[in-house]
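J.: One structure is given below, represented as structure tokens, and several questions about it will come after.
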Amino acid sequence: MSNTPKSEWVMDPKTVNRNRVKLVGIFAVALVPLFLAFTMYYGGWAIPQGKTNKGALIWPPVSLNSIDTKENQQGENALMEKVKETKNWTIMLTGASVCDTVCLDSLHTIKQVNIALGKEAKRVSRIMVSVLGETDLEKIMTDYPEMQSHKVESAELQNFHAAVVANGIEAESLKVQPWMIWVVDPLGNVILQYTKNNDGYDMIDDLKRVLKLSNIG
């Protein structure tokens, strides 16, 4: 029997390097534009001054996981999961008091903003995050059946407020009104805040802009 070893096929090193370069190029074409878009949007880089947002920008964005009282939290909380399930951009109304006139006006405003987005309305959801009891929530949800709701404790909203203040939001803006409107991206990051100084047109302008720039949601 012959002991001659079988020949082994070896790829030319130059060919291997060329293939690697091509593979890196394919990933770059797909990922670099996405990275630049997020950098421009979230960081305000290379965006003309005339195109600034109307709401207060939260930078870096604050995760909805900050609305939690658990220490050493593992994974995502229930609110984060609820928002991410929609795969939409979300207008979030938060409140740590009874649903007063400001609350009712805000509920009406965010509904009208959603409708005013026209064909893009299906890319935007609404959620009410509050300390309200079952009876109060039941009546509100009857009037706004398309909106989701999520019950939290006051301490959880305080955690969230501390997080947005740490990321640039003025603490005073959280004290002057118990009900606040926010914009949340499809990944569960809170990126914009609206106060009593903003109206529905401000939200519409901002949402139209982010929906135009975003390929997610």
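Each chain of the structure tokens is named A, B, ... in the order shown, its residues numbered from 1; ligands are numbered from 1 in display order.
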Identify, with DSSP run on backbone atoms, the residues in region 132-191 of chain A assigned to helix (DSSP H, G or I), and express the list as a list in words.

T.: Glu134, Thr135, Asp136, Leu137, Glu138, Lys139, Ile140, Met141, Thr142, Asp143, Ser154, Ala155, Glu156, Leu157, Gln158, Asn159, Phe160, His161, Ala162, Ala163, Val164, Val165, Ala166, Ala171, Glu172, Ser173, Leu174 and Lys175 of chain A

J.: Can you pull out the residues contacting Ile58 (chain A)? Cut-off 8 Å, using only C-alpha atoms, and skip same-chain residues under 5 positions away; I want them as a ChimeraX atom specification.

T.: /A:164,167-169,190-193

J.: My list of candidates is A:Met147, A:Val129, A:Val183, A:Val98. Which is closest to Ile67 (chain A) when distances are computed with only C-alpha atoms?

T.: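 Among the listed residues, the smallest separation from Ile67 (chain A) belongs to A:Val129.
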
J.: Can you check which parts of region 76-123 of chain A lie within 12 Å of region 208-214 of chain A? Per residue, the shortest pair of atoms and distance in Å to one decimal, counting only C-alpha atoms, sorted by chain and number, as a Markdown table.

T.:
| residue | atom | partner | partner_atom | distance |
| --- | --- | --- | --- | --- |
| A:Asn88 | CA | A:Leu211 | CA | 10.0 |
| A:Trp89 | CA | A:Leu211 | CA | 8.3 |
| A:Thr90 | CA | A:Leu211 | CA | 11.3 |
| A:Val113 | CA | A:Lys208 | CA | 10.5 |
| A:Asn114 | CA | A:Lys208 | CA | 10.6 |
| A:Ala116 | CA | A:Lys208 | CA | 10.0 |
| A:Leu117 | CA | A:Lys208 | CA | 7.2 |
| A:Gly118 | CA | A:Lys208 | CA | 10.1 |
| A:Lys119 | CA | A:Lys208 | CA | 10.8 |
| A:Glu120 | CA | A:Leu211 | CA | 7.7 |
| A:Ala121 | CA | A:Lys208 | CA | 9.8 |
| A:Lys122 | CA | A:Leu211 | CA | 11.1 |
| A:Arg123 | CA | A:Leu211 | CA | 8.0 |

J.: So the first atom is CA of Arg126 (chain A) and the second is CA of Trp179 (chain A); what is the distance between them in Å, to one decimal place?

T.: 14.6 Å

J.: Report the distance between CA of Leu132 (chain A) and CA of Asn65 (chain A) in Å, rounded to one decimal place.

T.: 20.1 Å

J.: Could you tell me which of A:Thr52, A:Ile181, A:Asp68, A:Cys99 comes closest to Leu137 (chain A) if we count only C-alpha atoms?

T.: A:Cys99
